[in-house]
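**Student:** Contents of run_33.pdb (PDB, C-alpha atoms) are given next:
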```pdb
ATOM      1  CA  MET P 128       0.000   0.000   0.000
ATOM      2  CA  ARG P 129       2.773   2.428   1.010
ATOM      3  CA  ILE P 130       4.873   1.432  -1.993
ATOM      4  CA  HIS P 131       1.867   1.949  -4.293
ATOM      5  CA  ALA P 132       1.289   5.431  -2.864
ATOM      6  CA  LEU P 133       4.957   6.298  -3.244
ATOM      7  CA  ARG P 134       4.962   5.138  -6.867
ATOM      8  CA  GLN P 135       1.918   7.296  -7.620
ATOM      9  CA  LEU P 136       3.616  10.267  -5.993
ATOM     10  CA  TYR P 137       6.765   9.596  -8.019
ATOM     11  CA  ARG P 138       4.835   9.399 -11.321
ATOM     12  CA  LYS P 139       3.053  12.666 -10.510
ATOM     13  CA  ALA P 140       6.320  14.400  -9.617
ATOM     14  CA  LEU P 141       7.943  13.129 -12.802
ATOM     15  CA  ALA P 142       5.280  14.790 -14.966
ATOM     16  CA  GLU P 143       5.739  18.243 -13.417
ATOM     17  CA  ASN P 144       7.740  21.022 -15.052
ATOM     18  CA  THR P 145      10.056  21.698 -12.146
ATOM     19  CA  SER P 146      13.830  21.523 -11.980
ATOM     20  CA  ASP P 147      13.506  18.345  -9.899
ATOM     21  CA  ALA P 148      11.255  16.716 -12.479
ATOM     22  CA  ARG P 149      13.519  17.754 -15.357
ATOM     23  CA  GLY P 150      16.492  16.258 -13.551
ATOM     24  CA  LEU P 151      14.651  13.007 -12.934
ATOM     25  CA  ARG P 152      13.473  12.785 -16.548
ATOM     26  CA  LEU P 153      17.025  13.323 -17.816
ATOM     27  CA  MET P 154      18.374  10.692 -15.451
ATOM     28  CA  ARG P 155      15.698   8.150 -16.430
ATOM     29  CA  ARG P 156      16.512   8.616 -20.107
ATOM     30  CA  TRP P 157      20.182   7.872 -19.454
ATOM     31  CA  LEU P 158      19.593   4.789 -17.334
ATOM     32  CA  SER P 159      19.862   1.387 -18.959
ATOM     33  CA  PRO P 160      16.481  -0.362 -19.364
ATOM     34  CA  ASP P 161      17.208  -2.569 -16.338
ATOM     35  CA  GLN P 162      18.272   0.374 -14.194
ATOM     36  CA  ARG P 163      15.202   2.353 -15.238
ATOM     37  CA  ALA P 164      12.856  -0.495 -14.331
ATOM     38  CA  GLU P 165      14.630  -0.928 -11.035
ATOM     39  CA  PHE P 166      14.452   2.784 -10.219
ATOM     40  CA  ASP P 167      10.765   2.994 -11.109
ATOM     41  CA  HIS P 168      10.108  -0.016  -8.908
ATOM     42  CA  SER P 169      12.234   0.683  -5.868
ATOM     43  CA  GLY P 170      13.578   4.258  -6.087
ATOM     44  CA  SER P 171      17.160   3.104  -6.469
ATOM     45  CA  PHE P 172      19.282   1.385  -9.085
ATOM     46  CA  GLU P 173      22.469  -0.602  -9.298
ATOM     47  CA  VAL P 174      25.631   0.264 -11.223
ATOM     48  CA  VAL P 175      28.856  -1.661 -11.767
ATOM     49  CA  GLY P 176      32.170   0.116 -11.343
ATOM     50  CA  CYS P 177      34.166   0.190 -14.577
ATOM     51  CA  HIS P 178      37.532  -0.521 -12.959
ATOM     52  CA  SER P 179      36.854  -2.970 -10.127
ATOM     53  CA  GLY P 180      33.565  -4.558 -11.155
ATOM     54  CA  THR P 181      32.249  -3.616  -7.698
ATOM     55  CA  ARG P 182      28.488  -3.187  -7.453
ATOM     56  CA  TYR P 183      26.987   0.033  -6.109
ATOM     57  CA  ARG P 184      23.437   1.087  -5.333
ATOM     58  CA  ILE P 185      22.377   4.670  -5.980
ATOM     59  CA  TYR P 186      19.339   5.929  -4.060
ATOM     60  CA  ARG P 187      17.314   9.024  -4.811
ATOM     61  CA  GLY P 188      19.000  11.958  -3.090
ATOM     62  CA  THR P 189      21.658  14.616  -3.347
ATOM     63  CA  ALA P 190      24.154  13.384  -0.732
ATOM     64  CA  GLN P 191      25.082  10.191   1.116
ATOM     65  CA  ASN P 192      22.981   8.201  -1.354
ATOM     66  CA  VAL P 193      25.553   5.818  -2.888
ATOM     67  CA  PHE P 194      26.476   2.498  -1.289
ATOM     68  CA  GLU P 195      28.813  -0.298  -2.163
ATOM     69  CA  ILE P 196      26.845  -3.540  -1.986
ATOM     70  CA  ASP P 197      27.833  -7.178  -1.662
ATOM     71  CA  ASP P 198      26.837 -10.111  -3.853
ATOM     72  CA  ALA P 199      23.565 -10.518  -1.981
ATOM     73  CA  GLY P 200      22.648  -6.839  -2.348
ATOM     74  CA  TRP P 201      23.370  -5.820   1.258
ATOM     75  CA  LEU P 202      24.796  -2.362   1.860
ATOM     76  CA  ILE P 203      28.457  -2.461   2.905
ATOM     77  CA  VAL P 204      29.664   1.109   3.028
ATOM     78  CA  GLY P 205      28.356   4.504   1.964
ATOM     79  CA  LEU P 206      30.250   6.708  -0.481
ATOM     80  CA  CYS P 207      29.577  10.411  -0.522
ATOM     81  CA  PHE P 208      30.629  12.141  -3.729
ATOM     82  CA  ILE P 209      28.595  14.676  -5.656
ATOM     83  CA  PRO P 210      29.036  17.072  -8.561
ATOM     84  CA  SER P 211      29.849  20.557  -7.269
ATOM     85  CA  GLY P 212      27.133  23.200  -7.360
ATOM     86  CA  GLU P 213      23.503  23.154  -6.404
ATOM     87  CA  LEU P 214      22.155  20.341  -8.547
ATOM     88  CA  VAL P 215      18.837  18.547  -8.303
ATOM     89  CA  ALA P 216      18.585  14.889  -7.277
ATOM     90  CA  GLY P 217      18.197  13.472 -10.783
ATOM     91  CA  ASP P 218      21.309  15.297 -11.991
ATOM     92  CA  VAL P 219      23.333  14.211  -8.976
ATOM     93  CA  MET P 220      22.303  10.584  -9.408
ATOM     94  CA  LEU P 221      23.062  10.638 -13.131
ATOM     95  CA  ALA P 222      26.497  12.169 -12.508
ATOM     96  CA  GLN P 223      27.197   9.484  -9.889
ATOM     97  CA  LYS P 224      26.147   6.736 -12.297
ATOM     98  CA  ILE P 225      28.283   8.085 -15.133
ATOM     99  CA  ALA P 226      31.259   8.558 -12.801
ATOM    100  CA  LEU P 227      31.134   5.003 -11.452
ATOM    101  CA  GLU P 228      30.547   3.454 -14.882
ATOM    102  CA  THR P 229      33.196   5.452 -16.728
ATOM    103  CA  ASN P 230      35.745   6.686 -14.180
ATOM    104  CA  GLU P 231      35.255   4.716 -10.979
ATOM    105  CA  ASN P 232      38.707   5.393  -9.529
ATOM    106  CA  GLU P 233      38.301   9.160  -9.723
ATOM    107  CA  ALA P 234      34.936   8.973  -7.994
ATOM    108  CA  LEU P 235      36.343   6.771  -5.237
ATOM    109  CA  ALA P 236      39.346   9.070  -4.827
ATOM    110  CA  VAL P 237      37.159  12.015  -3.823
ATOM    111  CA  ALA P 238      34.424  10.051  -2.013
ATOM    112  CA  HIS P 239      34.017  10.220   1.741
ATOM    113  CA  ARG P 240      33.093   6.878   3.265
ATOM    114  CA  PHE P 241      30.414   6.397   5.896
ATOM    115  CA  LEU P 242      28.496   3.587   7.521
ATOM    116  CA  PRO P 243      24.860   3.157   6.458
ATOM    117  CA  ARG P 244      22.571   4.562   9.136
ATOM    118  CA  GLY P 245      19.011   5.781   9.589
ATOM    119  CA  SER P 246      16.646   4.512   6.901
ATOM    120  CA  PHE P 247      19.590   3.085   4.974
ATOM    121  CA  ALA P 248      20.708   1.033   7.965
ATOM    122  CA  ARG P 249      17.223  -0.436   8.144
ATOM    123  CA  THR P 250      17.526  -1.322   4.471
ATOM    124  CA  ARG P 251      20.138  -3.830   5.503
ATOM    125  CA  LEU P 252      17.492  -5.688   7.465
ATOM    126  CA  ARG P 253      15.237  -6.048   4.478
ATOM    127  CA  ARG P 254      15.497  -8.582   1.765
ATOM    128  CA  PRO P 255      18.141  -7.959  -0.883
ATOM    129  CA  ARG P 256      17.015  -6.286  -4.073
ATOM    130  CA  ARG P 257      16.816  -9.448  -6.104
ATOM    131  CA  HIS P 258      13.948 -10.592  -3.868
ATOM    132  CA  TYR P 259      11.969  -7.345  -4.100
ATOM    133  CA  GLY P 260       9.667  -8.705  -6.770
ATOM    134  CA  ALA P 261       8.409 -11.454  -4.489
ATOM    135  CA  PHE P 262       8.569  -9.169  -1.454
ATOM    136  CA  PHE P 263       6.182  -6.601  -2.879
ATOM    137  CA  SER P 264       3.883  -8.874  -4.862
TER     138      SER P 264
ATOM    139  CA  MET S 987      19.593  18.009 -34.402
ATOM    140  CA  ALA S 988      22.232  17.280 -31.790
ATOM    141  CA  ILE S 989      22.095  18.457 -28.220
ATOM    142  CA  GLN S 990      24.480  19.390 -25.428
ATOM    143  CA  ILE S 991      22.943  19.197 -21.962
ATOM    144  CA  VAL S 992      24.647  21.070 -19.162
ATOM    145  CA  MET S 993      23.556  20.215 -15.614
ATOM    146  CA  ASP S 994      22.817  23.229 -13.436
ATOM    147  CA  HIS S 995      20.560  24.384 -10.614
ATOM    148  CA  THR S 996      17.576  24.625 -12.981
ATOM    149  CA  GLY S 997      17.857  20.922 -13.787
ATOM    150  CA  ASP S 998      19.794  21.500 -16.978
ATOM    151  CA  THR S 999      20.394  23.924 -19.815
ATOM    152  CA  ARG S1000      20.061  22.511 -23.315
ATOM    153  CA  HIS S1001      21.908  23.671 -26.409
ATOM    154  CA  HIS S1002      20.501  22.309 -29.662
ATOM    155  CA  PHE S1003      22.549  22.568 -32.826
ATOM    156  CA  ASN S1004      22.553  21.272 -36.365
ATOM    157  CA  PRO S1005      25.707  19.181 -36.875
ATOM    158  CA  GLU S1006      25.491  19.916 -40.613
ATOM    159  CA  ASP S1007      25.880  23.625 -39.920
ATOM    160  CA  VAL S1008      29.614  24.432 -39.783
ATOM    161  CA  GLN S1009      29.158  27.517 -37.629
ATOM    162  CA  ALA S1010      26.865  25.766 -35.166
ATOM    163  CA  LEU S1011      29.282  22.856 -34.979
ATOM    164  CA  ALA S1012      32.178  25.195 -34.240
ATOM    165  CA  LYS S1013      30.159  26.859 -31.500
ATOM    166  CA  ALA S1014      29.305  23.461 -30.007
ATOM    167  CA  GLU S1015      32.979  22.484 -30.050
ATOM    168  CA  GLU S1016      33.878  25.761 -28.377
ATOM    169  CA  ARG S1017      31.263  25.110 -25.693
ATOM    170  CA  PHE S1018      32.654  21.609 -25.190
ATOM    171  CA  LYS S1019      36.180  22.923 -24.708
ATOM    172  CA  LYS S1020      35.051  25.684 -22.382
ATOM    173  CA  LEU S1021      33.057  23.347 -20.144
ATOM    174  CA  THR S1022      35.661  20.585 -19.971
ATOM    175  CA  GLY S1023      38.274  23.268 -19.346
ATOM    176  CA  LEU S1024      36.232  24.357 -16.336
ATOM    177  CA  GLY S1025      36.328  20.800 -15.002
ATOM    178  CA  PHE S1026      33.024  19.495 -16.335
ATOM    179  CA  THR S1027      32.868  15.833 -17.332
ATOM    180  CA  ALA S1028      31.359  15.124 -20.741
ATOM    181  CA  ALA S1029      29.593  11.846 -21.477
ATOM    182  CA  VAL S1030      27.738  10.402 -24.433
ATOM    183  CA  ARG S1031      25.341   7.513 -24.871
ATOM    184  CA  THR S1032      25.711   4.842 -27.514
ATOM    185  CA  ALA S1033      22.721   3.552 -29.442
ATOM    186  CA  SER S1034      22.622   0.534 -27.137
ATOM    187  CA  GLY S1035      22.310   2.809 -24.116
ATOM    188  CA  GLU S1036      25.877   2.377 -22.902
ATOM    189  CA  VAL S1037      27.448   5.487 -21.390
ATOM    190  CA  SER S1038      30.995   6.595 -22.083
ATOM    191  CA  LYS S1039      33.114   9.533 -21.000
ATOM    192  CA  VAL S1040      34.539  11.645 -23.813
ATOM    193  CA  GLN S1041      37.729  13.695 -23.660
ATOM    194  CA  SER S1042      37.365  15.484 -26.963
ATOM    195  CA  PHE S1043      34.517  16.902 -28.991
ATOM    196  CA  ASP S1044      32.690  14.303 -31.071
ATOM    197  CA  PRO S1045      30.851  15.976 -33.971
ATOM    198  CA  ASN S1046      28.780  12.822 -34.439
ATOM    199  CA  ALA S1047      27.481  12.650 -30.874
ATOM    200  CA  GLU S1048      23.741  13.166 -30.839
ATOM    201  CA  GLU S1049      23.524  13.853 -27.126
ATOM    202  CA  THR S1050      26.282  14.931 -24.758
ATOM    203  CA  VAL S1051      25.733  15.573 -21.087
ATOM    204  CA  PHE S1052      28.041  17.704 -18.945
ATOM    205  CA  PHE S1053      28.262  17.628 -15.166
ATOM    206  CA  PRO S1054      30.498  19.661 -12.826
ATOM    207  CA  ARG S1055      33.615  18.346 -11.113
ATOM    208  CA  LEU S1056      33.034  15.710  -8.446
ATOM    209  CA  VAL S1057      33.729  16.543  -4.819
ATOM    210  CA  GLY S1058      33.510  14.558  -1.621
ATOM    211  CA  GLY S1059      30.223  15.195   0.169
TER     212      GLY S1059
END
```
With the file now loaded, output its structure as structure tokens.
**Tutor:**
Amino acid sequence: MRIHALRQLYRKALAENTSDARGLRLMRRWLSPDQRAEFDHSGSFEVVGCHSGTRYRIYRGTAQNVFEIDDAGWLIVGLCFIPSGELVAGDVMLAQKIALETNENEALAVAHRFLPRGSFARTRLRRPRRHYGAFFS
Amino acid sequence: MAIQIVMDHTGDTRHHFNPEDVQALAKAEERFKKLTGLGFTAAVRTASGEVSKVQSFDPNAEETVFFPRLVGG
């Protein structure tokens, strides 16, 4: 029920002509089909680092929204790196995706590491992403 | 028409240009050099949806996105 309401809210926000909506639309267009489906479903998407092959999960947000994940999808460590300037969430997330997929080492070099906490820490207690389909059905 | 998309506080600013137009192409290349010189990263998408970083102006790129230098948050 909550997920359904959040999805409706997300679709409504996406259709608006605000800077946030424009940023999200641009980001969605640049996601791979799998990433786009994942983002529409769960509000986050996974990317693979171009140098190490490490998997990362990018959540909607403008800071402290990127996490290295393990094979099972559990959050390991947070990585805080953002493009400079006051950018909207969609732009930040797209820049983070491009950075990890095309120049992972540079992104990691500037990133500050942190332990998942708050709502993200609770995410660790939930089922890994690959079970979300069954979890929400 | 090709497009250069520059991320900013408004979401983004878009610069459309006709790659067949020599003057427009030169202006687009100038914009590319100016932005990358300021530390922006430029990236393009392939037809298959794969993203790649570009170091020099590609006159055949249909869509190029620019984002500012990364910093630790």
**Student:** To test your reading of the syntax: which residues would the ChimeraX specification (/S :<9) & /P return for the file shown? Reply as a ChimeraX atom specification.
**Tutor:** /P:145-151,153,157-160,190-191,206-219,221-223,225-226,228-230,233-234,236-239
**Student:** What's the separation between atom CA of P:Glu165 and atom CA of P:Phe241, in Å to one decimal place?
**Tutor:**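 Atom-to-atom, atom CA of P:Glu165 to atom CA of P:Phe241, that is 24.3 Å.
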**Student:** Work out where the centre of an axis-aligned box around every listed atom of stretch 1048-1059 of chain S lies and how long its edges are once 3 Å is added on each side; give both in Å to one decimal as lines of an AutoDock Vina configuration file.
**Tutor:**
```
center_x = 28.6
center_y = 16.4
center_z = -15.3
size_x = 16.2
size_y = 12.5
size_z = 37.0
```
**Student:** Could you tell me how far atom CA of S:Pro1005 sits from atom CA of S:Asn1046, in Å to one decimal place?
**Tutor:** 7.5 Å
**Student:** Please measure the separation of atom CA of P:Ser171 and atom CA of P:Leu242, giving the value in Å to one decimal.
**Tutor:**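 According to the coordinates, atom CA of P:Ser171 and atom CA of P:Leu242 are separated by 18.0 Å.
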**Student:** Measuring atom to atom with all atoms listed in the file, identify which of S:Thr1032, S:Ser1042, S:Asn1004, S:Thr999 is nearest to S:Lys1020.
**Tutor:**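 Going through S:Thr1032, S:Ser1042, S:Asn1004, S:Thr999 one by one, the smallest distance to S:Lys1020 is for S:Ser1042.
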**Student:** Here's the selection I'm unsure about, the PyMOL selection byres ((chain S and resi 990) around 6); applied to the file above, which residues does it give, as a PyMOL selection string?
**Tutor:** chain S and resi 989+991+1000-1001+1049-1051
**Student:** Can you list, as a compact mmCIF listing (two decimals) with C-alpha atoms, keeping the file's coordinate frame, every protein, DNA or RNA residue that comes within 12 Å of S:Leu1011 when you count only C-alpha atoms, leaving out same-chain residues fewer than 2 positions away?
**Tutor:**
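Final output, around-v8.txt:
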```txt
# COMPACT_ATOMS: atom_id res chain seq x y z
CA MET S 987 19.59 18.01 -34.40
CA ALA S 988 22.23 17.28 -31.79
CA ILE S 989 22.10 18.46 -28.22
CA GLN S 990 24.48 19.39 -25.43
CA HIS S 1001 21.91 23.67 -26.41
CA HIS S 1002 20.50 22.31 -29.66
CA PHE S 1003 22.55 22.57 -32.83
CA ASN S 1004 22.55 21.27 -36.36
CA PRO S 1005 25.71 19.18 -36.88
CA GLU S 1006 25.49 19.92 -40.61
CA ASP S 1007 25.88 23.62 -39.92
CA VAL S 1008 29.61 24.43 -39.78
CA GLN S 1009 29.16 27.52 -37.63
CA LYS S 1013 30.16 26.86 -31.50
CA ALA S 1014 29.30 23.46 -30.01
CA GLU S 1015 32.98 22.48 -30.05
CA GLU S 1016 33.88 25.76 -28.38
CA ARG S 1017 31.26 25.11 -25.69
CA PHE S 1018 32.65 21.61 -25.19
CA PHE S 1043 34.52 16.90 -28.99
CA ASP S 1044 32.69 14.30 -31.07
CA PRO S 1045 30.85 15.98 -33.97
CA ASN S 1046 28.78 12.82 -34.44
CA ALA S 1047 27.48 12.65 -30.87
CA GLU S 1048 23.74 13.17 -30.84
```
